>>> print(open('final27.txt').read())   # compact mmCIF, N, CA and C atoms
# COMPACT_ATOMS: atom_id res chain seq x y z
N GLN A 1 12.56 8.75 15.59
CA GLN A 1 12.82 8.36 14.21
C GLN A 1 11.50 8.19 13.48
N LEU A 2 11.36 8.89 12.36
CA LEU A 2 10.12 8.83 11.59
C LEU A 2 10.22 7.70 10.60
N GLN A 3 9.31 6.75 10.68
CA GLN A 3 9.37 5.64 9.75
C GLN A 3 8.03 4.94 9.60
N LEU A 4 7.92 4.22 8.49
CA LEU A 4 6.81 3.33 8.24
C LEU A 4 7.34 1.90 8.27
N VAL A 5 6.60 1.02 8.89
CA VAL A 5 7.02 -0.37 8.99
C VAL A 5 5.90 -1.28 8.51
N GLU A 6 6.20 -2.05 7.45
CA GLU A 6 5.23 -3.00 6.94
C GLU A 6 5.41 -4.36 7.62
N SER A 7 4.33 -5.09 7.72
CA SER A 7 4.38 -6.45 8.24
C SER A 7 3.22 -7.25 7.64
N GLY A 8 3.28 -8.56 7.83
CA GLY A 8 2.18 -9.41 7.39
C GLY A 8 2.46 -10.21 6.14
N GLY A 9 3.60 -9.98 5.50
CA GLY A 9 3.92 -10.75 4.31
C GLY A 9 4.27 -12.19 4.65
N GLY A 10 4.39 -13.00 3.61
CA GLY A 10 4.73 -14.39 3.82
C GLY A 10 4.42 -15.23 2.60
N LEU A 11 4.47 -16.53 2.80
CA LEU A 11 4.17 -17.49 1.75
C LEU A 11 2.72 -17.97 1.89
N VAL A 12 1.99 -17.91 0.81
CA VAL A 12 0.58 -18.33 0.83
C VAL A 12 0.27 -19.06 -0.46
N GLN A 13 -0.64 -20.01 -0.40
CA GLN A 13 -1.03 -20.74 -1.59
C GLN A 13 -1.98 -19.91 -2.45
N PRO A 14 -2.02 -20.18 -3.73
CA PRO A 14 -3.00 -19.50 -4.59
C PRO A 14 -4.41 -19.66 -4.04
N GLY A 15 -5.16 -18.56 -4.08
CA GLY A 15 -6.50 -18.56 -3.51
C GLY A 15 -6.55 -18.17 -2.06
N GLY A 16 -5.40 -18.08 -1.42
CA GLY A 16 -5.34 -17.73 -0.02
C GLY A 16 -5.42 -16.24 0.23
N SER A 17 -5.28 -15.87 1.51
CA SER A 17 -5.41 -14.48 1.92
C SER A 17 -4.25 -14.07 2.83
N LEU A 18 -3.95 -12.80 2.80
CA LEU A 18 -3.00 -12.19 3.72
C LEU A 18 -3.50 -10.79 4.04
N ARG A 19 -3.13 -10.32 5.23
CA ARG A 19 -3.39 -8.92 5.56
C ARG A 19 -2.07 -8.25 5.89
N LEU A 20 -1.76 -7.23 5.10
CA LEU A 20 -0.55 -6.45 5.35
C LEU A 20 -0.89 -5.26 6.24
N SER A 21 0.06 -4.89 7.09
CA SER A 21 -0.08 -3.73 7.94
C SER A 21 1.05 -2.74 7.67
N CYS A 22 0.72 -1.47 7.78
CA CYS A 22 1.69 -0.40 7.62
C CYS A 22 1.54 0.50 8.84
N ALA A 23 2.49 0.42 9.74
CA ALA A 23 2.42 1.18 10.99
C ALA A 23 3.43 2.33 10.95
N ALA A 24 2.99 3.48 11.42
CA ALA A 24 3.86 4.64 11.48
C ALA A 24 4.42 4.81 12.89
N SER A 25 5.66 5.21 12.95
CA SER A 25 6.25 5.56 14.25
C SER A 25 6.93 6.91 14.12
N GLY A 26 6.79 7.71 15.17
CA GLY A 26 7.40 9.02 15.16
C GLY A 26 6.54 10.11 14.57
N PHE A 27 5.42 9.74 13.95
CA PHE A 27 4.50 10.74 13.41
C PHE A 27 3.13 10.10 13.30
N THR A 28 2.12 10.94 13.15
CA THR A 28 0.75 10.45 13.04
C THR A 28 0.33 10.42 11.58
N LEU A 29 -0.40 9.37 11.23
CA LEU A 29 -0.84 9.21 9.84
C LEU A 29 -2.12 9.96 9.51
N ASP A 30 -2.72 10.61 10.50
CA ASP A 30 -4.06 11.18 10.33
C ASP A 30 -4.21 12.03 9.07
N TYR A 31 -3.20 12.83 8.75
CA TYR A 31 -3.35 13.78 7.65
C TYR A 31 -2.67 13.31 6.37
N TYR A 32 -2.16 12.09 6.41
CA TYR A 32 -1.43 11.57 5.26
C TYR A 32 -2.31 10.66 4.41
N ALA A 33 -2.21 10.80 3.10
CA ALA A 33 -2.72 9.76 2.23
C ALA A 33 -1.71 8.61 2.25
N ILE A 34 -2.21 7.40 2.15
CA ILE A 34 -1.35 6.22 2.22
C ILE A 34 -1.55 5.37 0.99
N GLY A 35 -0.46 4.86 0.47
CA GLY A 35 -0.53 3.97 -0.68
C GLY A 35 0.22 2.68 -0.44
N TRP A 36 -0.28 1.63 -1.06
CA TRP A 36 0.43 0.36 -1.12
C TRP A 36 0.95 0.16 -2.54
N PHE A 37 2.21 -0.19 -2.64
CA PHE A 37 2.87 -0.38 -3.91
C PHE A 37 3.54 -1.75 -3.89
N ARG A 38 3.85 -2.27 -5.05
CA ARG A 38 4.55 -3.55 -5.09
C ARG A 38 5.55 -3.57 -6.24
N GLN A 39 6.57 -4.36 -6.06
CA GLN A 39 7.57 -4.53 -7.11
C GLN A 39 7.97 -5.98 -7.18
N ALA A 40 7.68 -6.58 -8.33
CA ALA A 40 8.06 -7.96 -8.59
C ALA A 40 9.45 -7.98 -9.24
N PRO A 41 10.16 -9.09 -9.12
CA PRO A 41 11.49 -9.18 -9.73
C PRO A 41 11.46 -8.85 -11.21
N GLY A 42 12.35 -7.95 -11.62
CA GLY A 42 12.44 -7.59 -13.02
C GLY A 42 11.36 -6.67 -13.54
N LYS A 43 10.49 -6.20 -12.64
CA LYS A 43 9.39 -5.33 -13.07
C LYS A 43 9.47 -3.99 -12.35
N GLU A 44 8.79 -3.00 -12.92
CA GLU A 44 8.73 -1.69 -12.30
C GLU A 44 7.76 -1.72 -11.11
N ARG A 45 7.99 -0.81 -10.21
CA ARG A 45 7.07 -0.67 -9.09
C ARG A 45 5.70 -0.20 -9.59
N GLU A 46 4.64 -0.74 -9.03
CA GLU A 46 3.30 -0.33 -9.43
C GLU A 46 2.46 0.01 -8.21
N GLY A 47 1.57 0.95 -8.37
CA GLY A 47 0.64 1.30 -7.31
C GLY A 47 -0.48 0.28 -7.25
N VAL A 48 -0.69 -0.28 -6.08
CA VAL A 48 -1.71 -1.30 -5.90
C VAL A 48 -3.01 -0.68 -5.40
N SER A 49 -2.91 0.12 -4.34
CA SER A 49 -4.09 0.73 -3.76
C SER A 49 -3.68 1.93 -2.94
N CYS A 50 -4.50 2.97 -2.98
CA CYS A 50 -4.22 4.18 -2.23
C CYS A 50 -5.48 4.66 -1.54
N ILE A 51 -5.32 5.32 -0.38
CA ILE A 51 -6.45 5.81 0.39
C ILE A 51 -6.16 7.22 0.85
N SER A 52 -7.17 8.07 0.78
CA SER A 52 -7.00 9.47 1.17
C SER A 52 -6.92 9.59 2.70
N SER A 53 -6.49 10.76 3.15
CA SER A 53 -6.37 10.99 4.59
C SER A 53 -7.72 10.92 5.27
N SER A 54 -8.77 11.34 4.57
CA SER A 54 -10.11 11.34 5.15
C SER A 54 -10.79 9.98 5.09
N ASP A 55 -10.15 9.03 4.43
CA ASP A 55 -10.70 7.68 4.30
C ASP A 55 -11.87 7.63 3.32
N SER A 56 -12.16 8.75 2.65
CA SER A 56 -13.34 8.77 1.80
C SER A 56 -13.05 8.39 0.35
N ASN A 57 -11.81 8.39 -0.03
CA ASN A 57 -11.45 8.07 -1.41
C ASN A 57 -10.43 6.94 -1.44
N THR A 58 -10.69 6.00 -2.32
CA THR A 58 -9.75 4.89 -2.50
C THR A 58 -9.53 4.65 -3.99
N TYR A 59 -8.39 4.06 -4.29
CA TYR A 59 -8.04 3.69 -5.66
C TYR A 59 -7.50 2.27 -5.63
N TYR A 60 -7.86 1.49 -6.63
CA TYR A 60 -7.32 0.14 -6.78
C TYR A 60 -6.86 -0.06 -8.21
N ALA A 61 -5.71 -0.66 -8.36
CA ALA A 61 -5.28 -1.06 -9.69
C ALA A 61 -6.26 -2.11 -10.23
N ASP A 62 -6.43 -2.13 -11.54
CA ASP A 62 -7.37 -3.07 -12.15
C ASP A 62 -7.04 -4.51 -11.78
N SER A 63 -5.77 -4.79 -11.63
CA SER A 63 -5.33 -6.16 -11.37
C SER A 63 -5.76 -6.68 -9.99
N VAL A 64 -6.14 -5.77 -9.08
CA VAL A 64 -6.49 -6.22 -7.73
C VAL A 64 -7.92 -5.86 -7.34
N LYS A 65 -8.64 -5.16 -8.20
CA LYS A 65 -10.02 -4.78 -7.89
C LYS A 65 -10.87 -5.99 -7.57
N GLY A 66 -11.64 -5.88 -6.50
CA GLY A 66 -12.51 -6.97 -6.10
C GLY A 66 -11.82 -8.01 -5.24
N ARG A 67 -10.50 -7.94 -5.13
CA ARG A 67 -9.74 -8.92 -4.32
C ARG A 67 -9.05 -8.26 -3.13
N PHE A 68 -8.57 -7.03 -3.31
CA PHE A 68 -7.84 -6.34 -2.26
C PHE A 68 -8.71 -5.22 -1.68
N THR A 69 -8.53 -4.96 -0.38
CA THR A 69 -9.23 -3.87 0.28
C THR A 69 -8.26 -3.10 1.15
N ILE A 70 -8.22 -1.79 0.96
CA ILE A 70 -7.37 -0.93 1.78
C ILE A 70 -8.25 -0.28 2.85
N SER A 71 -7.68 -0.15 4.05
CA SER A 71 -8.40 0.50 5.14
C SER A 71 -7.39 1.14 6.08
N ARG A 72 -7.90 2.03 6.91
CA ARG A 72 -7.00 2.68 7.85
C ARG A 72 -7.65 2.77 9.22
N ASP A 73 -6.84 2.68 10.24
CA ASP A 73 -7.28 2.82 11.62
C ASP A 73 -6.39 3.88 12.24
N ASN A 74 -6.85 5.12 12.21
CA ASN A 74 -6.02 6.22 12.70
C ASN A 74 -5.75 6.10 14.20
N ALA A 75 -6.64 5.49 14.93
CA ALA A 75 -6.42 5.30 16.36
C ALA A 75 -5.20 4.43 16.62
N LYS A 76 -4.96 3.48 15.68
CA LYS A 76 -3.81 2.59 15.80
C LYS A 76 -2.64 3.07 14.95
N ASN A 77 -2.86 4.20 14.24
CA ASN A 77 -1.80 4.75 13.39
C ASN A 77 -1.30 3.73 12.37
N THR A 78 -2.26 3.01 11.81
CA THR A 78 -1.94 1.88 10.94
C THR A 78 -2.88 1.84 9.74
N VAL A 79 -2.34 1.43 8.61
CA VAL A 79 -3.13 1.20 7.41
C VAL A 79 -2.97 -0.26 7.02
N TYR A 80 -4.04 -0.85 6.52
CA TYR A 80 -4.05 -2.27 6.20
C TYR A 80 -4.32 -2.49 4.71
N LEU A 81 -3.85 -3.62 4.23
CA LEU A 81 -4.22 -4.09 2.89
C LEU A 81 -4.65 -5.54 3.03
N GLN A 82 -5.95 -5.76 2.94
CA GLN A 82 -6.47 -7.12 2.98
C GLN A 82 -6.42 -7.69 1.57
N MET A 83 -5.74 -8.80 1.41
CA MET A 83 -5.55 -9.40 0.10
C MET A 83 -6.19 -10.78 0.08
N ASN A 84 -7.21 -10.94 -0.74
CA ASN A 84 -7.92 -12.21 -0.88
C ASN A 84 -7.73 -12.77 -2.28
N SER A 85 -8.04 -14.04 -2.43
CA SER A 85 -7.96 -14.71 -3.73
C SER A 85 -6.61 -14.44 -4.40
N LEU A 86 -5.57 -14.62 -3.65
CA LEU A 86 -4.23 -14.30 -4.15
C LEU A 86 -3.83 -15.20 -5.30
N LYS A 87 -3.10 -14.60 -6.22
CA LYS A 87 -2.63 -15.29 -7.42
C LYS A 87 -1.11 -15.28 -7.46
N PRO A 88 -0.50 -16.20 -8.16
CA PRO A 88 0.97 -16.18 -8.27
C PRO A 88 1.51 -14.85 -8.77
N GLU A 89 0.76 -14.18 -9.63
CA GLU A 89 1.23 -12.90 -10.16
C GLU A 89 1.17 -11.77 -9.14
N ASP A 90 0.63 -12.03 -7.96
CA ASP A 90 0.66 -11.05 -6.87
C ASP A 90 1.97 -11.10 -6.10
N THR A 91 2.81 -12.08 -6.41
CA THR A 91 4.10 -12.20 -5.74
C THR A 91 4.96 -10.97 -5.99
N ALA A 92 5.41 -10.35 -4.91
CA ALA A 92 6.19 -9.12 -5.02
C ALA A 92 6.60 -8.68 -3.61
N VAL A 93 7.48 -7.70 -3.56
CA VAL A 93 7.72 -6.97 -2.31
C VAL A 93 6.70 -5.83 -2.28
N TYR A 94 5.99 -5.75 -1.18
CA TYR A 94 4.96 -4.73 -1.01
C TYR A 94 5.47 -3.64 -0.09
N TYR A 95 5.29 -2.41 -0.53
CA TYR A 95 5.73 -1.23 0.22
C TYR A 95 4.53 -0.33 0.51
N CYS A 96 4.57 0.35 1.65
CA CYS A 96 3.60 1.41 1.87
C CYS A 96 4.33 2.75 1.84
N ALA A 97 3.57 3.76 1.49
CA ALA A 97 4.11 5.11 1.41
C ALA A 97 3.08 6.08 1.96
N ALA A 98 3.57 7.17 2.53
CA ALA A 98 2.71 8.20 3.09
C ALA A 98 3.05 9.54 2.45
N ASP A 99 2.02 10.34 2.19
CA ASP A 99 2.25 11.61 1.52
C ASP A 99 1.26 12.67 1.99
N LEU A 100 1.76 13.90 2.15
CA LEU A 100 0.94 15.02 2.63
C LEU A 100 0.48 15.95 1.53
N LYS A 101 0.87 15.69 0.28
CA LYS A 101 0.67 16.68 -0.77
C LYS A 101 -0.77 16.80 -1.26
N ARG A 102 -1.68 16.02 -0.72
CA ARG A 102 -3.09 16.08 -1.11
C ARG A 102 -3.28 15.80 -2.60
N LEU A 103 -2.53 14.85 -3.09
CA LEU A 103 -2.76 14.36 -4.43
C LEU A 103 -4.07 13.57 -4.45
N THR A 104 -4.64 13.43 -5.63
CA THR A 104 -5.75 12.49 -5.72
C THR A 104 -5.18 11.08 -5.49
N VAL A 105 -6.03 10.17 -5.04
CA VAL A 105 -5.53 8.82 -4.79
C VAL A 105 -5.06 8.16 -6.09
N GLN A 106 -5.69 8.53 -7.19
CA GLN A 106 -5.24 7.99 -8.47
C GLN A 106 -3.84 8.50 -8.81
N ALA A 107 -3.62 9.79 -8.64
CA ALA A 107 -2.31 10.38 -8.93
C ALA A 107 -1.25 9.77 -8.03
N MET A 108 -1.60 9.56 -6.77
CA MET A 108 -0.63 8.99 -5.83
C MET A 108 -0.22 7.59 -6.28
N CYS A 109 -1.19 6.79 -6.64
CA CYS A 109 -0.89 5.41 -7.00
C CYS A 109 -0.20 5.29 -8.35
N ILE A 110 -0.61 6.12 -9.30
CA ILE A 110 -0.10 5.96 -10.66
C ILE A 110 1.21 6.72 -10.87
N ARG A 111 1.38 7.87 -10.18
CA ARG A 111 2.53 8.70 -10.45
C ARG A 111 3.36 8.99 -9.20
N SER A 112 3.54 7.99 -8.36
CA SER A 112 4.28 8.20 -7.11
C SER A 112 5.73 8.62 -7.37
N SER A 113 6.34 8.07 -8.41
CA SER A 113 7.74 8.42 -8.70
C SER A 113 7.86 9.87 -9.17
N TYR A 114 6.89 10.32 -9.93
CA TYR A 114 6.92 11.70 -10.44
C TYR A 114 6.77 12.70 -9.30
N TYR A 115 5.83 12.45 -8.41
CA TYR A 115 5.56 13.41 -7.34
C TYR A 115 6.48 13.23 -6.14
N GLY A 116 6.95 12.03 -5.93
CA GLY A 116 7.77 11.78 -4.75
C GLY A 116 6.91 11.66 -3.51
N MET A 117 7.08 10.59 -2.77
CA MET A 117 6.33 10.37 -1.54
C MET A 117 7.16 10.83 -0.35
N ASP A 118 6.48 11.25 0.72
CA ASP A 118 7.19 11.76 1.89
C ASP A 118 7.92 10.67 2.66
N TYR A 119 7.28 9.52 2.80
CA TYR A 119 7.87 8.41 3.54
C TYR A 119 7.60 7.09 2.82
N TRP A 120 8.57 6.21 2.89
CA TRP A 120 8.43 4.85 2.38
C TRP A 120 8.81 3.86 3.48
N GLY A 121 8.14 2.72 3.48
CA GLY A 121 8.53 1.64 4.35
C GLY A 121 9.62 0.81 3.70
N GLN A 122 10.07 -0.20 4.42
CA GLN A 122 11.18 -1.02 3.93
C GLN A 122 10.71 -2.19 3.08
N GLY A 123 9.43 -2.47 3.12
CA GLY A 123 8.87 -3.53 2.28
C GLY A 123 8.68 -4.85 3.02
N THR A 124 7.69 -5.60 2.56
CA THR A 124 7.45 -6.95 3.07
C THR A 124 7.17 -7.86 1.88
N LEU A 125 7.76 -9.04 1.89
CA LEU A 125 7.67 -9.95 0.76
C LEU A 125 6.43 -10.81 0.84
N VAL A 126 5.69 -10.83 -0.26
CA VAL A 126 4.53 -11.71 -0.41
C VAL A 126 4.83 -12.70 -1.53
N THR A 127 4.76 -13.97 -1.21
CA THR A 127 5.00 -15.02 -2.19
C THR A 127 3.76 -15.90 -2.29
N VAL A 128 3.20 -15.98 -3.49
CA VAL A 128 2.01 -16.80 -3.71
C VAL A 128 2.44 -17.99 -4.57
N SER A 129 2.44 -19.14 -3.97
CA SER A 129 2.95 -20.32 -4.66
C SER A 129 2.40 -21.58 -3.99
N SER A 130 2.19 -22.60 -4.80
CA SER A 130 1.75 -23.89 -4.27
C SER A 130 2.96 -24.79 -3.99
>>> encode(input="final27.txt", output="structure tokens")
Amino acid sequence: QLQLVESGGGLVQPGGSLRLSCAASGFTLDYYAIGWFRQAPGKEREGVSCISSSDSNTYYADSVKGRFTISRDNAKNTVYLQMNSLKPEDTAVYYCAADLKRLTVQAMCIRSSYYGMDYWGQGTLVTVSS
């Protein structure tokens, strides 16, 4: 079964940190660009951060620049999103997606619905609250 599985979400206080993981099973992530997306209640899904298959290109939404870091460990078939200095407005369900179409990381993050991603995870909830 080909799937992506996110983990690492939870409840954290403002200013705290979390690390999300996106693990692939049934296929290798080596040639896939990976993106992290989030959707808060009542809001549209937004691209948070995307990384190219070669690990050489990354994109961050303005709202998370300087606080979030995306990375990948192909040996572990896993992509991570390190989230620091979390704010209440970061509260959302976070999803990872994988795509082979060789889009730019900006296109992947900004226009994922238009292009369609090959695989989506089921999501992990991040709640930032005191």
>>> closest_residue(input="final27.txt", among="A:Asn57, A:Ser71, A:Gly123, A:Gly8", to="Ala97 of chain A", atoms="only C-alpha atoms")
A:Gly123
>>> residues_near_point(input="final27.txt", point="(-5.2, -0.3, -5.6)", cutoff="5 Å", atoms="only N, CA and C atoms", output="MDAnalysis selection string")
chainID A and resid 48:50 59:61
>>> write_last_selection(input="final27.txt", atoms="N, CA and C atoms", output="tab-separated table (two decimals), in the frame of the given file")
chain	number	residue	atom	x	y	z
A	48	VAL	N	-0.69	-0.28	-6.08
A	48	VAL	CA	-1.71	-1.30	-5.90
A	48	VAL	C	-3.01	-0.68	-5.40
A	49	SER	N	-2.91	0.12	-4.34
A	49	SER	CA	-4.09	0.73	-3.76
A	49	SER	C	-3.68	1.93	-2.94
A	50	CYS	N	-4.50	2.97	-2.98
A	50	CYS	CA	-4.22	4.18	-2.23
A	50	CYS	C	-5.48	4.66	-1.54
A	59	TYR	N	-8.39	4.06	-4.29
A	59	TYR	CA	-8.04	3.69	-5.66
A	59	TYR	C	-7.50	2.27	-5.63
A	60	TYR	N	-7.86	1.49	-6.63
A	60	TYR	CA	-7.32	0.14	-6.78
A	60	TYR	C	-6.86	-0.06	-8.21
A	61	ALA	N	-5.71	-0.66	-8.36
A	61	ALA	CA	-5.28	-1.06	-9.69
A	61	ALA	C	-6.26	-2.11	-10.23
>>> residues_near_point(input="final27.txt", point="(-8.8, 9.4, 4.6)", cutoff="8 Å", atoms="only N, CA and C atoms", output="number ranges by chain")
A: 30-34, 51-58, 72
>>> residues_around(input="final27.txt", residues="Tyr94 of chain A", least_positions_apart="4", cutoff="8 Å", atoms="only N, CA and C atoms", output="list in words")
Glu6, Gly9, Trp36, Phe37, Arg38, Gln39, Ala40, Gly121, Gln122, Gly123, Thr124, Leu125 and Val126 of chain A
>>> select_by_dssp(input="final27.txt", residues="chain A", states="strand (DSSP E or B)", output="JSON, numbers by chain")
{"A": [3, 4, 5, 6, 7, 10, 11, 12, 18, 19, 20, 21, 22, 23, 24, 25, 33, 34, 35, 36, 37, 38, 39, 46, 47, 48, 49, 50, 51, 58, 59, 60, 68, 69, 70, 71, 72, 73, 78, 79, 80, 81, 82, 83, 92, 93, 94, 95, 96, 97, 98, 99, 119, 120, 121, 124, 125, 126, 127, 128]}
>>> residues_around(input="final27.txt", residues="Leu29 of chain A", least_positions_apart="4", cutoff="6.5 Å", atoms="only N, CA and C atoms", output="PyMOL selection string")
chain A and resi 24+33+74+77
>>> write_last_selection(input="final27.txt", atoms="N, CA and C atoms", output="tab-separated table (two decimals), in the frame of the given file")
chain	number	residue	atom	x	y	z
A	24	ALA	N	2.99	3.48	11.42
A	24	ALA	CA	3.86	4.64	11.48
A	24	ALA	C	4.42	4.81	12.89
A	33	ALA	N	-2.21	10.80	3.10
A	33	ALA	CA	-2.72	9.76	2.23
A	33	ALA	C	-1.71	8.61	2.25
A	74	ASN	N	-6.85	5.12	12.21
A	74	ASN	CA	-6.02	6.22	12.70
A	74	ASN	C	-5.75	6.10	14.20
A	77	ASN	N	-2.86	4.20	14.24
A	77	ASN	CA	-1.80	4.75	13.39
A	77	ASN	C	-1.30	3.73	12.37
>>> residues_around(input="final27.txt", residues="Ile70 of chain A", least_positions_apart="3", cutoff="6.5 Å", atoms="all atoms listed in the file", output="JSON, numbers by chain")
{"A": [80, 81, 82]}
>>> closest_residue(input="final27.txt", among="A:Leu100, A:Ala75, A:Val93, A:Val128", to="Gly16 of chain A", atoms="all atoms listed in the file")
A:Val128
>>> atom_distance(input="final27.txt", atom1="atom CA of Leu2 of chain A", atom2="atom CA of Phe27 of chain A")
6.2 Å
>>> closest_residue(input="final27.txt", among="A:Asp73, A:Ile110, A:Pro88, A:Glu44", to="Ser130 of chain A", atoms="only N, CA and C atoms")
A:Pro88
